[in-house]
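Asker: Structure supplied as upload.txt; contents: compact mmCIF, N, CA and C atoms and all ligand atoms.
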# COMPACT_ATOMS: atom_id res chain seq x y z
N MET A 1129 125.96 111.45 183.84
CA MET A 1129 125.47 112.35 182.79
C MET A 1129 125.89 111.81 181.42
N LYS A 1130 124.89 111.67 180.54
CA LYS A 1130 125.18 111.14 179.20
C LYS A 1130 125.15 112.28 178.17
N ILE A 1131 126.27 112.45 177.50
CA ILE A 1131 126.37 113.50 176.47
C ILE A 1131 126.77 112.87 175.14
N LEU A 1132 126.00 113.20 174.12
CA LEU A 1132 126.35 112.76 172.77
C LEU A 1132 126.93 113.94 171.99
N ILE A 1133 128.07 113.71 171.38
CA ILE A 1133 128.64 114.69 170.45
C ILE A 1133 128.36 114.20 169.04
N ILE A 1134 127.72 115.06 168.24
CA ILE A 1134 127.41 114.70 166.86
C ILE A 1134 128.18 115.63 165.92
N ASN A 1135 128.90 115.05 164.99
CA ASN A 1135 129.54 115.82 163.93
C ASN A 1135 128.93 115.47 162.58
N GLY A 1136 128.70 116.50 161.79
CA GLY A 1136 128.11 116.31 160.47
C GLY A 1136 129.16 116.19 159.37
N PRO A 1137 128.77 116.53 158.15
CA PRO A 1137 129.58 116.23 156.97
C PRO A 1137 130.97 116.86 156.98
N ASN A 1138 131.90 116.05 156.51
CA ASN A 1138 133.31 116.43 156.32
C ASN A 1138 134.11 116.56 157.62
N LEU A 1139 133.44 116.45 158.75
CA LEU A 1139 134.16 116.58 160.02
C LEU A 1139 134.93 115.30 160.36
N ASN A 1140 134.68 114.23 159.60
CA ASN A 1140 135.53 113.03 159.70
C ASN A 1140 136.93 113.31 159.16
N LEU A 1141 137.09 114.42 158.43
CA LEU A 1141 138.41 114.75 157.86
C LEU A 1141 139.21 115.72 158.73
N LEU A 1142 138.75 115.98 159.93
CA LEU A 1142 139.50 116.90 160.81
C LEU A 1142 140.93 116.40 161.00
N GLY A 1143 141.87 117.34 160.92
CA GLY A 1143 143.29 116.95 161.00
C GLY A 1143 143.91 116.78 159.61
N LYS A 1144 143.03 116.59 158.61
CA LYS A 1144 143.52 116.45 157.22
C LYS A 1144 142.97 117.57 156.36
N ARG A 1145 141.79 118.06 156.74
CA ARG A 1145 141.03 118.98 155.91
C ARG A 1145 141.34 120.44 156.26
N GLU A 1146 141.63 121.28 155.28
CA GLU A 1146 141.78 122.73 155.47
C GLU A 1146 142.34 123.06 156.86
N LYS A 1147 143.58 122.61 157.09
CA LYS A 1147 144.15 122.68 158.44
C LYS A 1147 144.27 124.11 158.98
N THR A 1148 144.40 125.09 158.07
CA THR A 1148 144.54 126.46 158.57
C THR A 1148 143.23 126.93 159.21
N ILE A 1149 142.12 126.33 158.78
CA ILE A 1149 140.82 126.71 159.37
C ILE A 1149 140.46 125.78 160.53
N TYR A 1150 140.68 124.48 160.33
CA TYR A 1150 140.13 123.50 161.28
C TYR A 1150 141.16 122.83 162.18
N GLY A 1151 142.46 123.16 161.98
CA GLY A 1151 143.49 122.64 162.88
C GLY A 1151 144.05 121.29 162.46
N GLU A 1152 144.95 120.81 163.29
CA GLU A 1152 145.79 119.64 162.96
C GLU A 1152 145.31 118.36 163.63
N SER A 1153 144.38 118.49 164.57
CA SER A 1153 144.01 117.32 165.37
C SER A 1153 142.82 116.58 164.75
N SER A 1154 142.85 115.26 164.83
CA SER A 1154 141.66 114.50 164.40
C SER A 1154 140.62 114.60 165.53
N PHE A 1155 139.35 114.40 165.19
CA PHE A 1155 138.35 114.48 166.25
C PHE A 1155 138.49 113.32 167.22
N GLU A 1156 138.91 112.17 166.69
CA GLU A 1156 139.07 110.99 167.56
C GLU A 1156 140.08 111.27 168.67
N ASP A 1157 141.20 111.92 168.33
CA ASP A 1157 142.21 112.25 169.35
C ASP A 1157 141.64 113.25 170.36
N TYR A 1158 140.95 114.25 169.84
CA TYR A 1158 140.37 115.26 170.74
C TYR A 1158 139.31 114.63 171.65
N PHE A 1159 138.55 113.71 171.09
CA PHE A 1159 137.49 113.05 171.87
C PHE A 1159 138.10 112.28 173.05
N LYS A 1160 139.25 111.63 172.81
CA LYS A 1160 139.92 110.91 173.91
C LYS A 1160 140.33 111.87 175.02
N GLU A 1161 140.82 113.07 174.61
CA GLU A 1161 141.19 114.09 175.61
C GLU A 1161 139.98 114.49 176.45
N LEU A 1162 138.85 114.71 175.77
CA LEU A 1162 137.64 115.10 176.50
C LEU A 1162 137.22 114.01 177.48
N GLN A 1163 137.30 112.76 177.02
CA GLN A 1163 136.90 111.65 177.90
C GLN A 1163 137.79 111.58 179.14
N SER A 1164 139.10 111.83 178.97
CA SER A 1164 139.94 111.72 180.18
C SER A 1164 139.80 112.97 181.05
N GLU A 1165 139.54 114.13 180.43
CA GLU A 1165 139.36 115.34 181.24
C GLU A 1165 138.06 115.30 182.05
N PHE A 1166 137.01 114.77 181.45
CA PHE A 1166 135.70 114.73 182.13
C PHE A 1166 135.31 113.26 182.34
N SER A 1167 136.04 112.60 183.21
CA SER A 1167 135.86 111.15 183.34
C SER A 1167 134.51 110.76 183.95
N ALA A 1168 133.85 111.73 184.61
CA ALA A 1168 132.54 111.42 185.22
C ALA A 1168 131.42 111.41 184.16
N ILE A 1169 131.71 111.95 182.98
CA ILE A 1169 130.67 112.03 181.95
C ILE A 1169 130.74 110.80 181.05
N ASP A 1170 129.55 110.30 180.75
CA ASP A 1170 129.44 109.16 179.83
C ASP A 1170 129.26 109.75 178.42
N PHE A 1171 130.37 109.84 177.67
CA PHE A 1171 130.34 110.45 176.33
C PHE A 1171 130.09 109.40 175.26
N GLU A 1172 129.36 109.83 174.22
CA GLU A 1172 129.28 109.03 173.00
C GLU A 1172 129.59 109.98 171.84
N TYR A 1173 130.19 109.44 170.79
CA TYR A 1173 130.51 110.26 169.62
C TYR A 1173 129.90 109.63 168.38
N TYR A 1174 129.27 110.46 167.55
CA TYR A 1174 128.67 109.97 166.30
C TYR A 1174 129.00 110.96 165.19
N GLN A 1175 129.42 110.43 164.06
CA GLN A 1175 129.68 111.30 162.89
C GLN A 1175 129.01 110.67 161.68
N SER A 1176 128.39 111.52 160.86
CA SER A 1176 127.86 111.04 159.58
C SER A 1176 127.91 112.17 158.57
N ASN A 1177 128.07 111.76 157.31
CA ASN A 1177 128.01 112.72 156.21
C ASN A 1177 126.62 112.79 155.60
N VAL A 1178 125.68 112.04 156.18
CA VAL A 1178 124.35 111.88 155.59
C VAL A 1178 123.29 112.56 156.47
N GLU A 1179 122.57 113.48 155.88
CA GLU A 1179 121.61 114.30 156.65
C GLU A 1179 120.59 113.43 157.41
N GLY A 1180 119.99 112.44 156.72
CA GLY A 1180 118.97 111.61 157.35
C GLY A 1180 119.52 110.80 158.52
N GLU A 1181 120.78 110.38 158.41
CA GLU A 1181 121.38 109.62 159.52
C GLU A 1181 121.57 110.52 160.75
N LEU A 1182 121.90 111.77 160.50
CA LEU A 1182 122.04 112.72 161.63
C LEU A 1182 120.69 112.92 162.31
N ILE A 1183 119.64 113.02 161.50
CA ILE A 1183 118.29 113.19 162.04
C ILE A 1183 117.88 111.93 162.82
N ASN A 1184 118.15 110.76 162.26
CA ASN A 1184 117.84 109.50 162.97
C ASN A 1184 118.53 109.45 164.33
N LYS A 1185 119.78 109.88 164.37
CA LYS A 1185 120.54 109.84 165.64
C LYS A 1185 119.92 110.80 166.65
N LEU A 1186 119.51 111.97 166.20
CA LEU A 1186 118.85 112.92 167.12
C LEU A 1186 117.59 112.29 167.71
N HIS A 1187 116.81 111.61 166.86
CA HIS A 1187 115.58 110.94 167.35
C HIS A 1187 115.90 109.83 168.34
N GLU A 1188 116.97 109.09 168.01
CA GLU A 1188 117.33 107.90 168.82
C GLU A 1188 117.70 108.28 170.26
N VAL A 1189 118.44 109.36 170.43
CA VAL A 1189 118.93 109.69 171.79
C VAL A 1189 118.17 110.85 172.42
N GLY A 1190 117.36 111.53 171.62
CA GLY A 1190 116.80 112.81 172.05
C GLY A 1190 115.73 112.78 173.12
N PHE A 1191 115.41 111.56 173.61
CA PHE A 1191 114.45 111.48 174.72
C PHE A 1191 115.07 110.78 175.93
N SER A 1192 116.37 110.46 175.84
CA SER A 1192 116.99 109.74 176.95
C SER A 1192 118.32 110.36 177.40
N TYR A 1193 119.06 110.99 176.50
CA TYR A 1193 120.35 111.56 176.90
C TYR A 1193 120.15 112.90 177.61
N ASP A 1194 121.17 113.31 178.37
CA ASP A 1194 121.08 114.57 179.11
C ASP A 1194 121.41 115.77 178.23
N ALA A 1195 122.28 115.58 177.26
CA ALA A 1195 122.73 116.73 176.47
C ALA A 1195 123.31 116.27 175.14
N ILE A 1196 123.17 117.13 174.14
CA ILE A 1196 123.77 116.88 172.82
C ILE A 1196 124.58 118.11 172.43
N ILE A 1197 125.79 117.86 171.93
CA ILE A 1197 126.63 118.93 171.38
C ILE A 1197 126.76 118.62 169.90
N MET A 1198 126.29 119.54 169.05
CA MET A 1198 126.22 119.20 167.63
C MET A 1198 126.92 120.22 166.74
N ASN A 1199 127.85 119.71 165.93
CA ASN A 1199 128.42 120.50 164.84
C ASN A 1199 127.86 119.90 163.57
N ALA A 1200 126.86 120.54 162.99
CA ALA A 1200 126.21 119.98 161.81
C ALA A 1200 126.94 120.34 160.53
N GLY A 1201 128.14 120.96 160.65
CA GLY A 1201 128.91 121.32 159.46
C GLY A 1201 128.05 122.14 158.51
N ALA A 1202 128.17 121.86 157.22
CA ALA A 1202 127.46 122.65 156.21
C ALA A 1202 125.94 122.53 156.34
N TYR A 1203 125.45 121.42 156.92
CA TYR A 1203 123.99 121.28 157.09
C TYR A 1203 123.41 122.33 158.03
N THR A 1204 124.27 122.91 158.87
CA THR A 1204 123.83 124.01 159.75
C THR A 1204 123.10 125.07 158.93
N HIS A 1205 123.66 125.32 157.74
CA HIS A 1205 123.20 126.47 156.94
C HIS A 1205 122.09 126.11 155.97
N THR A 1206 121.80 124.79 155.84
CA THR A 1206 120.86 124.38 154.79
C THR A 1206 119.72 123.47 155.26
N SER A 1207 119.87 122.84 156.43
CA SER A 1207 118.95 121.74 156.75
C SER A 1207 117.78 122.15 157.65
N ILE A 1208 116.62 122.30 157.02
CA ILE A 1208 115.39 122.52 157.80
C ILE A 1208 115.10 121.26 158.62
N GLY A 1209 115.43 120.09 158.04
CA GLY A 1209 115.16 118.80 158.71
C GLY A 1209 115.90 118.66 160.04
N ILE A 1210 117.16 119.07 160.07
CA ILE A 1210 117.91 118.97 161.33
C ILE A 1210 117.36 119.98 162.34
N GLY A 1211 117.04 121.17 161.87
CA GLY A 1211 116.42 122.16 162.77
C GLY A 1211 115.12 121.64 163.36
N ASP A 1212 114.29 121.01 162.52
CA ASP A 1212 113.01 120.45 162.99
C ASP A 1212 113.23 119.30 163.96
N ALA A 1213 114.24 118.47 163.69
CA ALA A 1213 114.52 117.34 164.60
C ALA A 1213 114.91 117.85 165.99
N ILE A 1214 115.72 118.90 166.02
CA ILE A 1214 116.13 119.46 167.32
C ILE A 1214 114.91 120.04 168.05
N ALA A 1215 114.02 120.67 167.28
CA ALA A 1215 112.79 121.21 167.90
C ALA A 1215 111.91 120.09 168.46
N GLY A 1216 111.98 118.90 167.83
CA GLY A 1216 111.07 117.81 168.18
C GLY A 1216 111.53 116.94 169.32
N ILE A 1217 112.79 117.06 169.73
CA ILE A 1217 113.30 116.18 170.82
C ILE A 1217 113.32 116.96 172.14
N GLU A 1218 113.57 116.22 173.22
CA GLU A 1218 113.57 116.86 174.55
C GLU A 1218 114.97 117.22 175.02
N THR A 1219 115.96 116.46 174.59
CA THR A 1219 117.33 116.69 175.05
C THR A 1219 117.84 118.03 174.52
N PRO A 1220 118.41 118.87 175.41
CA PRO A 1220 118.94 120.16 174.94
C PRO A 1220 120.17 120.01 174.06
N VAL A 1221 120.25 120.85 173.05
CA VAL A 1221 121.35 120.80 172.07
C VAL A 1221 122.11 122.14 172.08
N ILE A 1222 123.42 122.06 172.11
CA ILE A 1222 124.25 123.26 171.86
C ILE A 1222 124.86 123.10 170.48
N GLU A 1223 124.73 124.15 169.66
CA GLU A 1223 125.35 124.17 168.32
C GLU A 1223 126.78 124.65 168.46
N VAL A 1224 127.72 123.91 167.91
CA VAL A 1224 129.11 124.35 167.96
C VAL A 1224 129.72 124.41 166.57
N HIS A 1225 130.70 125.29 166.43
CA HIS A 1225 131.52 125.37 165.22
C HIS A 1225 132.96 125.60 165.63
N ILE A 1226 133.84 124.97 164.89
CA ILE A 1226 135.27 125.13 165.14
C ILE A 1226 135.72 126.52 164.70
N SER A 1227 135.29 126.91 163.51
CA SER A 1227 135.68 128.22 162.97
C SER A 1227 134.66 129.28 163.36
N ASN A 1228 135.07 130.54 163.22
CA ASN A 1228 134.13 131.64 163.45
C ASN A 1228 133.33 131.84 162.16
N VAL A 1229 132.17 131.21 162.10
CA VAL A 1229 131.38 131.23 160.86
C VAL A 1229 130.99 132.66 160.45
N TYR A 1230 130.94 133.56 161.43
CA TYR A 1230 130.54 134.95 161.12
C TYR A 1230 131.67 135.76 160.49
N ALA A 1231 132.89 135.22 160.52
CA ALA A 1231 134.02 135.89 159.89
C ALA A 1231 134.29 135.29 158.51
N ARG A 1232 133.40 134.40 158.07
CA ARG A 1232 133.61 133.70 156.80
C ARG A 1232 132.53 134.09 155.78
N GLU A 1233 132.33 133.26 154.76
CA GLU A 1233 131.39 133.59 153.69
C GLU A 1233 130.00 133.87 154.28
N GLU A 1234 129.25 134.73 153.56
CA GLU A 1234 127.94 135.13 154.07
C GLU A 1234 126.99 133.93 154.24
N TYR A 1235 127.10 132.92 153.36
CA TYR A 1235 126.18 131.79 153.48
C TYR A 1235 126.40 130.99 154.76
N ARG A 1236 127.53 131.22 155.44
CA ARG A 1236 127.76 130.55 156.72
C ARG A 1236 127.20 131.35 157.90
N HIS A 1237 126.66 132.53 157.64
CA HIS A 1237 126.15 133.36 158.74
C HIS A 1237 124.77 132.91 159.18
N GLN A 1238 124.09 132.15 158.32
CA GLN A 1238 122.74 131.69 158.67
C GLN A 1238 122.81 130.29 159.27
N SER A 1239 122.07 130.09 160.37
CA SER A 1239 121.92 128.75 160.93
C SER A 1239 120.44 128.41 160.99
N LEU A 1240 120.07 127.24 160.43
CA LEU A 1240 118.67 126.83 160.47
C LEU A 1240 118.38 125.98 161.71
N MET A 1241 119.39 125.80 162.55
CA MET A 1241 119.17 125.02 163.79
C MET A 1241 119.26 125.89 165.04
N ALA A 1242 119.91 127.06 164.92
CA ALA A 1242 120.24 127.86 166.12
C ALA A 1242 119.03 128.18 166.98
N LYS A 1243 117.90 128.48 166.35
CA LYS A 1243 116.77 128.93 167.18
C LYS A 1243 116.19 127.80 168.02
N ASN A 1244 116.50 126.58 167.67
CA ASN A 1244 116.01 125.45 168.46
C ASN A 1244 117.07 124.91 169.44
N CYS A 1245 118.21 125.59 169.49
CA CYS A 1245 119.31 125.16 170.38
C CYS A 1245 119.34 126.02 171.63
N VAL A 1246 120.01 125.48 172.66
CA VAL A 1246 120.22 126.23 173.90
C VAL A 1246 121.08 127.46 173.60
N GLY A 1247 122.09 127.28 172.77
CA GLY A 1247 122.99 128.38 172.43
C GLY A 1247 123.98 127.92 171.39
N ILE A 1248 124.88 128.84 171.03
CA ILE A 1248 125.87 128.57 169.98
C ILE A 1248 127.26 128.93 170.49
N ILE A 1249 128.23 128.10 170.16
CA ILE A 1249 129.63 128.42 170.45
C ILE A 1249 130.39 128.25 169.14
N ALA A 1250 131.04 129.31 168.70
CA ALA A 1250 131.73 129.26 167.40
C ALA A 1250 133.06 129.98 167.49
N GLY A 1251 134.05 129.45 166.77
CA GLY A 1251 135.29 130.19 166.59
C GLY A 1251 136.37 129.89 167.62
N MET A 1252 136.13 128.94 168.49
CA MET A 1252 137.10 128.64 169.55
C MET A 1252 137.93 127.42 169.21
N GLY A 1253 137.95 127.04 167.94
CA GLY A 1253 138.64 125.81 167.57
C GLY A 1253 137.94 124.61 168.21
N LEU A 1254 138.68 123.53 168.43
CA LEU A 1254 138.06 122.35 169.06
C LEU A 1254 137.60 122.66 170.48
N ASN A 1255 138.16 123.71 171.06
CA ASN A 1255 137.73 124.12 172.41
C ASN A 1255 136.24 124.48 172.46
N SER A 1256 135.63 124.75 171.31
CA SER A 1256 134.18 125.02 171.28
C SER A 1256 133.41 123.86 171.92
N TYR A 1257 133.85 122.62 171.66
CA TYR A 1257 133.16 121.45 172.22
C TYR A 1257 133.34 121.41 173.74
N ARG A 1258 134.58 121.69 174.19
CA ARG A 1258 134.86 121.66 175.64
C ARG A 1258 134.01 122.70 176.37
N LEU A 1259 133.87 123.88 175.76
CA LEU A 1259 133.08 124.94 176.41
C LEU A 1259 131.61 124.53 176.52
N ALA A 1260 131.13 123.80 175.52
CA ALA A 1260 129.74 123.30 175.57
C ALA A 1260 129.60 122.28 176.71
N VAL A 1261 130.60 121.40 176.85
CA VAL A 1261 130.57 120.42 177.96
C VAL A 1261 130.51 121.16 179.29
N LEU A 1262 131.35 122.19 179.43
CA LEU A 1262 131.39 122.94 180.70
C LEU A 1262 130.04 123.57 181.02
N HIS A 1263 129.36 124.04 179.98
CA HIS A 1263 128.03 124.62 180.21
C HIS A 1263 127.08 123.57 180.78
N PHE A 1264 127.02 122.42 180.12
CA PHE A 1264 126.09 121.37 180.60
C PHE A 1264 126.48 120.91 182.01
N LEU A 1265 127.78 120.82 182.26
CA LEU A 1265 128.24 120.39 183.60
C LEU A 1265 127.80 121.40 184.66
N SER A 1266 127.90 122.68 184.34
CA SER A 1266 127.57 123.70 185.33
C SER A 1266 126.10 123.65 185.71
N LEU A 1267 125.24 123.18 184.81
CA LEU A 1267 123.82 123.07 185.11
C LEU A 1267 123.53 121.89 186.03
N ASN A 1268 124.41 120.93 186.02
CA ASN A 1268 124.18 119.67 186.75
C ASN A 1268 124.71 119.69 188.18
N LYS A 1269 125.27 120.86 188.61
CA LYS A 1269 125.86 120.92 189.96
C LYS A 1269 124.80 121.18 191.01
C1 LIG A 1301 131.87 124.29 160.56
C2 LIG A 1301 131.53 125.56 159.77
C3 LIG A 1301 130.65 125.20 158.57
O1 LIG A 1301 130.32 126.37 157.84
C4 LIG A 1301 131.37 124.24 157.65
O2 LIG A 1301 130.54 123.87 156.58
C5 LIG A 1301 131.91 123.06 158.36
C6 LIG A 1301 132.51 123.23 159.69
C7 LIG A 1301 132.86 124.59 161.71
O3 LIG A 1301 132.97 123.75 162.60
O4 LIG A 1301 133.51 125.63 161.72
O5 LIG A 1301 131.94 121.95 157.82
O6 LIG A 1301 130.68 123.79 161.14
Could you spell out this file's structure in structure tokens?
Ligand code: DQA
Answerer:
Amino acid sequence: MKILIINGPNLNLLGKREKTIYGESSFEDYFKELQSEFSAIDFEYYQSNVEGELINKLHEVGFSYDAIIMNAGAYTHTSIGIGDAIAGIETPVIEVHISNVYAREEYRHQSLMAKNCVGIIAGMGLNSYRLAVLHFLSLNK
């Protein structure tokens, strides 16, 4: 099973950025944990701060990978292009957020990608990604 995890803008700063909201761990360290916990899964990780690069990556893998787990960061709330890219590919996408976006500023309550995703997991810290993996795994049994 091939799963791509995509992180959008500013998520390269995890572990350094607003630690009270996003925690102390870098994504690279967490990604290693996921790889050893789910050794049967072929994981890939991609991060970009650039909207068009995120869209290109969705196009690149969206007809061959089994699943995508995407935290589009702030683009979640603004990007019609990312929402359209998810609608245009075949690979199912789960939207994830580290923080509970619904407990934060009102502009974070809107997602322009959610309606094209399988579902949303928010507010579970980095565990949001693990829960998305478990969902895709449960479908493959
Ligand atoms: C985030 C929530 C977004 O509102 C924010 O812009 C982020 C991170 C999260 O994982 O909680 O960059 O997607």
Asker: Enumerate as a PyMOL selection string the residues within 8 Å of ligand LIG 1301 (chain A), counting only C-alpha atoms and all ligand atoms.
Answerer: chain A and resi 1136-1139+1149-1150+1199-1205+1224-1229+1236+1250-1251+1253
Asker: Using all atoms listed in the file, which residues sit within 5 Å of range 1190-1196 of chain A once same-chain residues fewer than 2 positions away are excluded, as a list in words?
Answerer: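 After dropping sequence-adjacent residues, the list is Lys1130, Ile1131, Leu1132, Leu1186, His1187, Glu1188, Met1198, Ile1217, Glu1218, Thr1219, Pro1220, Val1221 and Ile1222 of chain A.
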Asker: Please, what distance in Å, to one decimal, runs between atom C of Ser1256 in chain A and atom N of Ser1176 in chain A?
Answerer: 17.3 Å
Asker: What is the distance, in Å and to one decimal place, between CA of Thr1148 in chain A and CA of Glu1233 in chain A?
Answerer: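 Separation between CA of Thr1148 in chain A and CA of Glu1233 in chain A: 15.7 Å.
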Asker: What lies within 10 Å of Gly1143 in chain A using only C-alpha atoms, ignoring chain neighbours under 5 positions off, as a PyMOL selection string?
Answerer: chain A and resi 1148+1150-1157
Asker: Mind dumping the selected residues with N, CA and C atoms as a tab-separated table (two decimals), in the frame of the given file?
Answerer:
chain	number	residue	atom	x	y	z
A	1148	THR	N	144.40	125.09	158.07
A	1148	THR	CA	144.54	126.46	158.57
A	1148	THR	C	143.23	126.93	159.21
A	1150	TYR	N	140.68	124.48	160.33
A	1150	TYR	CA	140.13	123.50	161.28
A	1150	TYR	C	141.16	122.83	162.18
A	1151	GLY	N	142.46	123.16	161.98
A	1151	GLY	CA	143.49	122.64	162.88
A	1151	GLY	C	144.05	121.29	162.46
A	1152	GLU	N	144.95	120.81	163.29
A	1152	GLU	CA	145.79	119.64	162.96
A	1152	GLU	C	145.31	118.36	163.63
A	1153	SER	N	144.38	118.49	164.57
A	1153	SER	CA	144.01	117.32	165.37
A	1153	SER	C	142.82	116.58	164.75
A	1154	SER	N	142.85	115.26	164.83
A	1154	SER	CA	141.66	114.50	164.40
A	1154	SER	C	140.62	114.60	165.53
A	1155	PHE	N	139.35	114.40	165.19
A	1155	PHE	CA	138.35	114.48	166.25
A	1155	PHE	C	138.49	113.32	167.22
A	1156	GLU	N	138.91	112.17	166.69
A	1156	GLU	CA	139.07	110.99	167.56
A	1156	GLU	C	140.08	111.27	168.67
A	1157	ASP	N	141.20	111.92	168.33
A	1157	ASP	CA	142.21	112.25	169.35
A	1157	ASP	C	141.64	113.25	170.36
Asker: Using only C-alpha atoms, which of the listed residues (A:His1237, A:Arg1232, A:Lys1185, A:Lys1147) sits closest to Ile1214 in chain A?
Answerer: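 Result for the nearest residue to Ile1214 in chain A: A:Lys1185.
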Asker: To test your reading of the structure, identify every residue in chain A that backbone DSSP assigns to alpha helix (DSSP H), and report it as an MDAnalysis selection string.
Answerer: chainID A and resid 1147:1150 1155:1165 1179:1189 1208:1216 1255:1267
Asker: Could you tell me how far CA of Ser1239 in chain A sits from atom C of Ala1215 in chain A, in Å to one decimal place?
Answerer: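 Atom-to-atom, atom C of Ala1215 in chain A and CA of Ser1239 in chain A are spaced 15.2 Å apart.
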Asker: Using all atoms listed in the file, which of A:Tyr1174, A:Ser1266, A:Tyr1158, A:Lys1144 sits nearest Leu1254 in chain A?
Answerer: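 For Leu1254 in chain A, the nearest of the candidates is A:Tyr1158.
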Asker: For Ser1207 in chain A, which residue among A:Leu1259, A:Met1241, A:Leu1265, A:Ile1249 is the nearest when counting only C-alpha atoms?
Answerer: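 For Ser1207 in chain A, the nearest of the candidates is A:Met1241.
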Asker: Based on the backbone DSSP call, show me all residues of chain A assigned strand (DSSP E or B), as a VMD selection string.
Answerer: chain A and resid 1130 to 1135 1170 to 1175 1195 to 1199 1221 to 1225 1247 to 1250
